[in-house]
Amino acid sequence: MRKILFILLFTFPILLFAQQYTKPVEGLRDNPPKVFAFTNVKIVQSPGKVIEKGTVVVRNGIIQAVGADVQIPEDAQIIDLSGKVLYPGFIDLYTNYGMPKRREQTQREAQQPTPIAQQPKPEKGAPNWNPNVLSDKLAINEFSPDPKEAEKLRAQGFVAVLSVPTEGIFKGKSVLVTLADDKSPNNVAIKPQVAHHIAFVLGFGRDIYPNSLMGNIALIRQTFLDAQWYASAWDAFYKNPSLQRPEVNSSLEALQGALKGELVTFETNDELDFLRCAKIAKEFSLNAAMIGSGYEYRRAEAIKNTGFPVILPVNFPKPPDVENPDDADNIDLRTLKHWYNAPENPKRLYEAGITFAFTTYRLENTSEFLQKVREAVERGLPQDVALSALTITPAKLIGVDKLLGSIEPGKMANFVVTNKNIFEDGAKILQVWIDGKKYDVEGLPEFDPRGEWKAYLNKDTLNLSITGQLKSLRGRIKKNDKSVNLITVSLLDNNLTLAFNGDSVGISGVVRISAFVKKDKIEGYAELLSGERLTFSAVKISEPRDETPQRVKKVKFEPLPVVYPDGAFGFAKQPEQPEYVLVKNATIWTCSNLGKLENADMLIRRGIIEKIGKNIEPPKGAVVIDATGKHVTPGIIDAHSHTAISGGVNESTQAITAEVRIQDVINSDDINIYRQLAGGVTAANILHGSANPIGGQNAVIKYRWGLLADELIFKEAPAGIKFALGENVKQSNWGDRYTTRYPQTRMGVERCDHANFFHQSSIVGNCVVNLKFISPPIAKC
């Protein structure tokens with residue numbers, strides 16, 4: 001009995017920490033303990049927590065001990081990392097790694113009729129009515145490891161990534177996976193369901209709702225409202241089965257977790273999108289994070305005030321092409337400023353107190369990632385903040401900081417080995433360890449074969465030169481005055497393989513060499529085409545030349561202030577508004593029963609006209625404007641404008657889109673606001689286009705240049721909705737494809753407006769419809 005108990009006690013720790021599998025093993029199970037001790041290494045356990053020379057012990061993929069004075073287990077394989085640095089492995093919270101590739105529809109395809117073979121098939125399951133709502137999709141069900149992509153990500157220091165579905169506005173739920181070289185999704189998944197993901201999708205055609213930004217926002221809002229209704233409706237039905245049974249809807253069922261605090265991410269395209277998504281998240285009390293765009297610095301304070309963290313790309317733009325003068329003339333100030341300021345985006349978010357984690361998302365080439373992060377560090381981002389954004393911050397955002405993000409006992413053995421400080425020029429990732437398994441990047445051989453060698457091939461004396469990177473070595477053989485490039489040079493665990501064309505140096509045929517590298521010696525054999533074997537040895541006569549590219553003198557970037565909006569005519573800060581302004585000696589066109597007043601004064605207090613007359617005395621501290629010879633008129637009001645709308649003026653997929661709102665998509669940075677102010681326009685009624693009989697809810701705005709979208713809304717103006725008549729609505733100018741959507745005639749347009757106003761007014765909510773109906777019913781816009 002004691003013997004059995006001893007065996008159980010001995011084996012239990014191994015079983016506890018070993019990776020568990022449910023698949024039966026054919027034959028004998030081979031699961032020997034994998035124990036490593038990494039010694040004499042600088043350990044960056046977490047940002048700001050460093051052991052200058054210590055040891056990390058790993059057993060069966062789990063970190064067992066970390067410290068400067070750690071007892072090394074007797075069964076450990078010791079790996080001496082003298083002169084190297086150990087970092088926690090990086091985590092990317094927004095990738096499409098291992099997901100099916102999304103097929104992008106071209107504009108030309110979108111304008112063609114849908115082939116019968118591609119038309120919708122009979123429904124299966126219980127999906128949402130809208131094909132862009134795929135919240136019930138699970139990435140784990142579509143995930144398949146991608147060895148080539150995993151290798152690219154490991155080369156940048158990543159050990160784990162969040163894999164996100166690619167399709168839809170509501171994309172579904174992501175899966176957290178390691179980048180281990182394993183073909184089985186079962187073995188690499190860490191957390192099968194992590195976060196819900198939402199993105200704006202703007203289509204080309206009019207077949208599928210929505211195809212505008214305002215339609216996207218309306219669909220997102222309505223879907224969350226539907227999810228709330230769904231929960232309450234089923235709850236009521238279970239309590240009282242006599243009520244009508246609600247429909248079953250998998251997508252709304254899946255969103256219940258989001259409404260109860262599961263993480264939701266919103267993909268944004270600029271700083272205004274960020275604020276739009278933040279409004280939705282706050283409206284439904286979501287636990288949200290925003291996928292950044294790189295433009296956040298333009299409104300850092302407003303973004304800070306939302307309280308939401310950012311998953312931040314480092315897709316800094318390339319310098320604009322200004323070689324051609326004509327091209328240079330077409331580059332506006334806003335574009336130039338973004339090129340200059342984008343690498344400072346992380347620093348500015350840090351200074352604003354915004355939490356962020358880095359992502360490779362939006363990079364054209366993943367291999368540029370680390371260099372981009374270093375660029376951000378050069379532009380002022382503290383190194384500890386950069387490391388946090390790669391490690392512990394993403395781990396905390398998705399609730400896996402007990403497993404990942406730092407080098408501590410009990411956590412997964414996921415870390416990065418570098419030759420020096422990873423944020424310095426010339427730093428290289430040598431190895432990445434995932435679950436206690438080694439993956440070479442640059443590699444870490446015991447001995448470096450690069451350098452100059454005096455070689456001996458039987459009686460022949462040669463000069464051997466080996467250069468290049470450890471993973472891509474190259475070299476040259478020289479005999480007397482003849483030399484030839486090596487055909488093959490490779491190193492694997494101190495085993496060196498060489499091949500060269502011997503004819504070029506007076507040796508018959510191709511020579512293949514297999515040898516073992518020691519500190520200053522190479523010993524092995526050479527084989528000729530004839531099969532004859534010769535002894536081969538070499539002695540190092542000089543160390544490798546420094547092949548680090550000469551450091552290009554870097555441009556010193558002076559901080560460039562952000563203005564609002566960040567382009568031409570922006571304000572460094574909003575002009576201070578005095579309490580009193582007195583305009584004197586003006587010709588005032590009152591547009592009232594007072595008529596036109598000559599040589600008159602006008603007193604304004606806090607933006608409100610307080611008095612008009614002659615010889616008005618200025619209050620203390622008033623700003624006085626002498627308007628002699630000038631005219632003062634009321635500001636022009638544009639009653640029908642399409643200015644300052646982002647993402648399309650029409651939601652043209654359906655005839656009735658009363659649910660879409662202009663206020664959701666106001667572009668407060670539109671230069672036309674400034675230009676119209678210059679023309680005397682101070683307010684405007686912003687309306688949809690005329691593609692629909694009922695287009696959506698309008699917004700009346702004041703042209704307050706430099707403020708944010710919500711600050712432009714004229715709150716005292718009555719709410720309204722856009723109705724339309726005419727040719728646009730009946731689609732006579734849309735071509736041969738669009739011939740099925742009602743209405744197709746002007747009489748149909750009138751009936752559509754009339755019927756929906758009276759019978760579907762509930763969808764408008766508390767809007768006041770700015771038109772009158774008379775009998776017989778004729779709509780007048």
# chains A, B, ... in the order shown; residues from 1 in each chain; ligands from 1

$ select_by_dssp --residues "segment 341-465 of chain A" --states "helix (DSSP H, G or I)" --output "PyMOL selection string"
chain A and resi 341-352+366-378+383-390+392-397

$ write_last_selection --atoms "C-alpha atoms" --output "PDB file, in the first residue's frame"
ATOM      1  CA  ASN A 341       2.437  62.355 -36.167  1.00  0.00           C
ATOM      2  CA  ALA A 342       1.324  58.706 -36.523  1.00  0.00           C
ATOM      3  CA  PRO A 343       4.418  57.140 -34.855  1.00  0.00           C
ATOM      4  CA  GLU A 344       3.717  59.331 -31.818  1.00  0.00           C
ATOM      5  CA  ASN A 345       0.183  57.974 -31.478  1.00  0.00           C
ATOM      6  CA  PRO A 346       1.152  55.399 -28.789  1.00  0.00           C
ATOM      7  CA  LYS A 347       3.083  58.008 -26.806  1.00  0.00           C
ATOM      8  CA  ARG A 348       0.200  60.476 -26.895  1.00  0.00           C
ATOM      9  CA  LEU A 349      -2.265  57.816 -25.745  1.00  0.00           C
ATOM     10  CA  TYR A 350       0.077  56.913 -22.890  1.00  0.00           C
ATOM     11  CA  GLU A 351       0.378  60.578 -21.882  1.00  0.00           C
ATOM     12  CA  ALA A 352      -3.419  60.862 -21.947  1.00  0.00           C
ATOM     13  CA  THR A 366       3.804  41.346 -40.288  1.00  0.00           C
ATOM     14  CA  SER A 367       7.617  41.339 -40.344  1.00  0.00           C
ATOM     15  CA  GLU A 368       7.572  45.136 -39.882  1.00  0.00           C
ATOM     16  CA  PHE A 369       5.801  44.947 -36.519  1.00  0.00           C
ATOM     17  CA  LEU A 370       8.740  45.073 -34.107  1.00  0.00           C
ATOM     18  CA  GLN A 371      10.444  47.807 -36.100  1.00  0.00           C
ATOM     19  CA  LYS A 372       7.254  49.881 -35.896  1.00  0.00           C
ATOM     20  CA  VAL A 373       7.102  49.415 -32.123  1.00  0.00           C
ATOM     21  CA  ARG A 374      10.750  50.501 -31.874  1.00  0.00           C
ATOM     22  CA  GLU A 375       9.857  53.556 -33.945  1.00  0.00           C
ATOM     23  CA  ALA A 376       7.151  54.416 -31.409  1.00  0.00           C
ATOM     24  CA  VAL A 377       9.729  54.037 -28.616  1.00  0.00           C
ATOM     25  CA  GLU A 378      12.117  56.365 -30.473  1.00  0.00           C
ATOM     26  CA  GLN A 383      10.005  51.014 -23.052  1.00  0.00           C
ATOM     27  CA  ASP A 384       8.136  49.578 -20.062  1.00  0.00           C
ATOM     28  CA  VAL A 385       4.852  50.847 -21.511  1.00  0.00           C
ATOM     29  CA  ALA A 386       5.677  49.296 -24.873  1.00  0.00           C
ATOM     30  CA  LEU A 387       6.477  45.958 -23.206  1.00  0.00           C
ATOM     31  CA  SER A 388       3.280  46.115 -21.185  1.00  0.00           C
ATOM     32  CA  ALA A 389       1.294  46.715 -24.388  1.00  0.00           C
ATOM     33  CA  LEU A 390       2.807  43.505 -25.772  1.00  0.00           C
ATOM     34  CA  ILE A 392       0.561  41.879 -19.479  1.00  0.00           C
ATOM     35  CA  THR A 393      -1.958  44.441 -20.761  1.00  0.00           C
ATOM     36  CA  PRO A 394      -3.420  42.184 -23.490  1.00  0.00           C
ATOM     37  CA  ALA A 395      -3.398  39.273 -21.016  1.00  0.00           C
ATOM     38  CA  LYS A 396      -5.446  41.308 -18.526  1.00  0.00           C
ATOM     39  CA  LEU A 397      -7.862  42.601 -21.157  1.00  0.00           C
TER      40      LEU A 397
END

$ select_by_dssp --residues "segment 246-451 of chain A" --states "strand (DSSP E or B)" --output "PyMOL selection string"
chain A and resi 263-267+287-291+310-313+356-359+412+415-418+429-434+437-440+451

$ write_last_selection --atoms "C-alpha atoms" --output "PDB file, in the first residue's frame"
ATOM      1  CA  LEU A 263     -15.790  41.544 -23.764  1.00  0.00           C
ATOM      2  CA  VAL A 264     -16.976  43.211 -26.983  1.00  0.00           C
ATOM      3  CA  THR A 265     -14.581  44.817 -29.468  1.00  0.00           C
ATOM      4  CA  PHE A 266     -15.498  47.427 -32.058  1.00  0.00           C
ATOM      5  CA  GLU A 267     -13.306  47.933 -35.110  1.00  0.00           C
ATOM      6  CA  ASN A 287     -17.567  45.818 -21.494  1.00  0.00           C
ATOM      7  CA  ALA A 288     -15.846  47.093 -24.626  1.00  0.00           C
ATOM      8  CA  ALA A 289     -12.450  47.633 -26.194  1.00  0.00           C
ATOM      9  CA  MET A 290     -11.840  49.513 -29.425  1.00  0.00           C
ATOM     10  CA  ILE A 291      -9.688  48.299 -32.302  1.00  0.00           C
ATOM     11  CA  VAL A 310      -7.563  50.453 -27.309  1.00  0.00           C
ATOM     12  CA  ILE A 311      -6.127  47.507 -29.228  1.00  0.00           C
ATOM     13  CA  LEU A 312      -3.667  49.596 -31.164  1.00  0.00           C
ATOM     14  CA  PRO A 313      -2.220  48.957 -34.638  1.00  0.00           C
ATOM     15  CA  PHE A 356      -3.699  50.092 -24.942  1.00  0.00           C
ATOM     16  CA  ALA A 357      -2.294  46.827 -26.284  1.00  0.00           C
ATOM     17  CA  PHE A 358      -0.398  46.511 -29.562  1.00  0.00           C
ATOM     18  CA  THR A 359      -1.620  44.451 -32.518  1.00  0.00           C
ATOM     19  CA  MET A 412       2.780  28.878 -19.159  1.00  0.00           C
ATOM     20  CA  PHE A 415       8.816  33.510 -23.542  1.00  0.00           C
ATOM     21  CA  VAL A 416      11.236  35.133 -25.969  1.00  0.00           C
ATOM     22  CA  VAL A 417      15.056  34.923 -26.018  1.00  0.00           C
ATOM     23  CA  THR A 418      16.883  37.935 -27.479  1.00  0.00           C
ATOM     24  CA  ILE A 429      14.858  37.385 -31.471  1.00  0.00           C
ATOM     25  CA  LEU A 430      16.887  34.207 -31.207  1.00  0.00           C
ATOM     26  CA  GLN A 431      14.260  31.783 -29.933  1.00  0.00           C
ATOM     27  CA  VAL A 432      10.625  31.671 -28.918  1.00  0.00           C
ATOM     28  CA  TRP A 433       9.470  29.074 -26.377  1.00  0.00           C
ATOM     29  CA  ILE A 434       5.799  28.035 -26.331  1.00  0.00           C
ATOM     30  CA  LYS A 437       8.937  23.880 -26.566  1.00  0.00           C
ATOM     31  CA  LYS A 438      11.713  25.650 -28.471  1.00  0.00           C
ATOM     32  CA  TYR A 439      11.207  27.450 -31.803  1.00  0.00           C
ATOM     33  CA  ASP A 440      14.324  28.895 -33.394  1.00  0.00           C
ATOM     34  CA  GLY A 451      34.282  34.117 -39.518  1.00  0.00           C
TER      35      GLY A 451
END

$ residues_around --residues "Ala37 of chain A" --least-positions-apart "3" --cutoff "10 Å" --atoms "only C-alpha atoms" --output "list of chain:residue names"
A:Asn40, A:Thr55, A:Val56, A:Val57, A:Val58, A:Arg59, A:Ile63, A:Gln64, A:Ala65, A:Val66, A:Val70, A:Gln71, A:Ile72, A:Pro73, A:Asp75, A:Ala76, A:Gln77, A:Ile78, A:Ile79, A:Asp80, A:Leu81

$ residues_around --residues "segment 164-178 of chain A" --least-positions-apart "4" --cutoff "7 Å" --atoms "only C-alpha atoms" --output "PyMOL selection string"
chain A and resi 94-96+99+102+132-140+159-160+188-201

$ atom_distance --atom1 "atom CA of Tyr564 of chain A" --atom2 "atom CA of Asp710 of chain A"
14.7 Å

$ residues_around --residues "segment 532-539 of chain A" --least-positions-apart "4" --cutoff "7 Å" --atoms "only C-alpha atoms" --output "list in words"
Trp453, Lys454, Ala455, Tyr456, Leu457, Asn458, Asp520, Lys521, Ile522, Glu523, Gly524, Tyr525, Ala526, Glu527 and Leu528 of chain A

$ write_last_selection --atoms "N, CA and C atoms" --output "PDB file, in the first residue's frame"
ATOM      1  N   TRP A 453      38.317  31.055 -41.726  1.00  0.00           N
ATOM      2  CA  TRP A 453      38.891  29.773 -41.295  1.00  0.00           C
ATOM      3  C   TRP A 453      39.996  29.335 -42.271  1.00  0.00           C
ATOM      4  N   LYS A 454      41.042  28.712 -41.717  1.00  0.00           N
ATOM      5  CA  LYS A 454      42.028  28.018 -42.553  1.00  0.00           C
ATOM      6  C   LYS A 454      41.603  26.556 -42.546  1.00  0.00           C
ATOM      7  N   ALA A 455      41.240  26.024 -43.750  1.00  0.00           N
ATOM      8  CA  ALA A 455      40.653  24.689 -43.856  1.00  0.00           C
ATOM      9  C   ALA A 455      41.628  23.728 -44.537  1.00  0.00           C
ATOM     10  N   TYR A 456      41.485  22.435 -44.183  1.00  0.00           N
ATOM     11  CA  TYR A 456      42.335  21.379 -44.739  1.00  0.00           C
ATOM     12  C   TYR A 456      41.449  20.265 -45.280  1.00  0.00           C
ATOM     13  N   LEU A 457      41.587  20.004 -46.598  1.00  0.00           N
ATOM     14  CA  LEU A 457      40.856  18.930 -47.258  1.00  0.00           C
ATOM     15  C   LEU A 457      41.900  17.908 -47.704  1.00  0.00           C
ATOM     16  N   ASN A 458      42.084  16.858 -46.874  1.00  0.00           N
ATOM     17  CA  ASN A 458      43.248  15.983 -47.042  1.00  0.00           C
ATOM     18  C   ASN A 458      44.519  16.838 -47.047  1.00  0.00           C
ATOM     19  N   ASP A 520      36.664  26.821 -31.711  1.00  0.00           N
ATOM     20  CA  ASP A 520      37.526  27.410 -32.741  1.00  0.00           C
ATOM     21  C   ASP A 520      37.921  26.380 -33.791  1.00  0.00           C
ATOM     22  N   LYS A 521      37.203  25.261 -33.835  1.00  0.00           N
ATOM     23  CA  LYS A 521      37.560  24.197 -34.758  1.00  0.00           C
ATOM     24  C   LYS A 521      36.318  23.662 -35.458  1.00  0.00           C
ATOM     25  N   ILE A 522      36.563  23.153 -36.649  1.00  0.00           N
ATOM     26  CA  ILE A 522      35.545  22.407 -37.386  1.00  0.00           C
ATOM     27  C   ILE A 522      36.176  21.083 -37.788  1.00  0.00           C
ATOM     28  N   GLU A 523      35.479  19.988 -37.493  1.00  0.00           N
ATOM     29  CA  GLU A 523      36.020  18.677 -37.832  1.00  0.00           C
ATOM     30  C   GLU A 523      34.928  17.812 -38.457  1.00  0.00           C
ATOM     31  N   GLY A 524      35.296  17.108 -39.552  1.00  0.00           N
ATOM     32  CA  GLY A 524      34.332  16.246 -40.207  1.00  0.00           C
ATOM     33  C   GLY A 524      34.940  15.598 -41.429  1.00  0.00           C
ATOM     34  N   TYR A 525      34.118  15.410 -42.448  1.00  0.00           N
ATOM     35  CA  TYR A 525      34.614  14.773 -43.667  1.00  0.00           C
ATOM     36  C   TYR A 525      33.978  15.429 -44.880  1.00  0.00           C
ATOM     37  N   ALA A 526      34.609  15.220 -46.031  1.00  0.00           N
ATOM     38  CA  ALA A 526      34.084  15.696 -47.307  1.00  0.00           C
ATOM     39  C   ALA A 526      33.849  14.492 -48.204  1.00  0.00           C
ATOM     40  N   GLU A 527      32.802  14.596 -49.024  1.00  0.00           N
ATOM     41  CA  GLU A 527      32.490  13.499 -49.945  1.00  0.00           C
ATOM     42  C   GLU A 527      32.462  14.044 -51.364  1.00  0.00           C
ATOM     43  N   LEU A 528      33.200  13.345 -52.273  1.00  0.00           N
ATOM     44  CA  LEU A 528      33.231  13.744 -53.677  1.00  0.00           C
ATOM     45  C   LEU A 528      32.148  13.001 -54.441  1.00  0.00           C
TER      46      LEU A 528
END

$ residues_around --residues "segment 687-694 of chain A" --least-positions-apart "2" --cutoff "8 Å" --atoms "only C-alpha atoms" --output "ChimeraX atom specification"
/A:640-642,649-652,654-658,662,685,696-699,721-725,728-729,731,749-750,752-753

$ write_last_selection --atoms "C-alpha atoms" --output "compact mmCIF listing (two decimals), in the first residue's frame"
# COMPACT_ATOMS: atom_id res chain seq x y z
CA HIS A 640 -31.42 71.16 -46.96
CA SER A 641 -27.79 70.15 -46.76
CA HIS A 642 -25.71 66.98 -47.18
CA VAL A 649 -25.85 60.02 -47.50
CA ASN A 650 -28.27 57.19 -48.31
CA GLU A 651 -29.03 53.81 -46.81
CA SER A 652 -30.27 52.67 -50.20
CA GLN A 654 -34.44 49.32 -48.42
CA ALA A 655 -37.28 51.66 -49.29
CA ILE A 656 -38.06 52.54 -45.69
CA THR A 657 -35.04 53.25 -43.44
CA ALA A 658 -36.57 55.54 -40.83
CA ILE A 662 -27.73 61.52 -39.47
CA ASN A 685 -30.51 70.92 -41.56
CA GLY A 696 -34.15 58.45 -41.97
CA GLN A 697 -33.83 60.95 -39.13
CA ASN A 698 -32.23 64.32 -39.84
CA ALA A 699 -29.91 66.43 -37.68
CA ILE A 721 -37.33 62.78 -40.75
CA LYS A 722 -36.61 62.81 -44.48
CA PHE A 723 -39.39 61.87 -46.92
CA ALA A 724 -38.74 61.98 -50.66
CA LEU A 725 -40.68 61.95 -53.94
CA ASN A 728 -34.59 59.00 -57.48
CA VAL A 729 -37.07 57.22 -55.29
CA GLN A 731 -35.33 54.19 -59.28
CA VAL A 749 -43.75 56.42 -53.92
CA GLU A 750 -46.67 58.50 -52.67
CA CYS A 752 -45.33 54.18 -49.69
CA ASP A 753 -44.81 57.47 -47.85

$ residues_around --residues "segment 604-611 of chain A" --least-positions-apart "3" --cutoff "9 Å" --atoms "only C-alpha atoms" --output "count of residues only"
9

$ atom_distance --atom1 "atom CA of Tyr230 of chain A" --atom2 "atom CA of Glu247 of chain A"
8.4 Å

$ closest_residue --among "A:Pro145, A:Gly215, A:Arg298, A:Leu404" --to "Asn186 of chain A" --atoms "only C-alpha atoms"
A:Pro145

$ atom_distance --atom1 "atom CA of Gln663 of chain A" --atom2 "atom CA of Glu727 of chain A"
26.4 Å
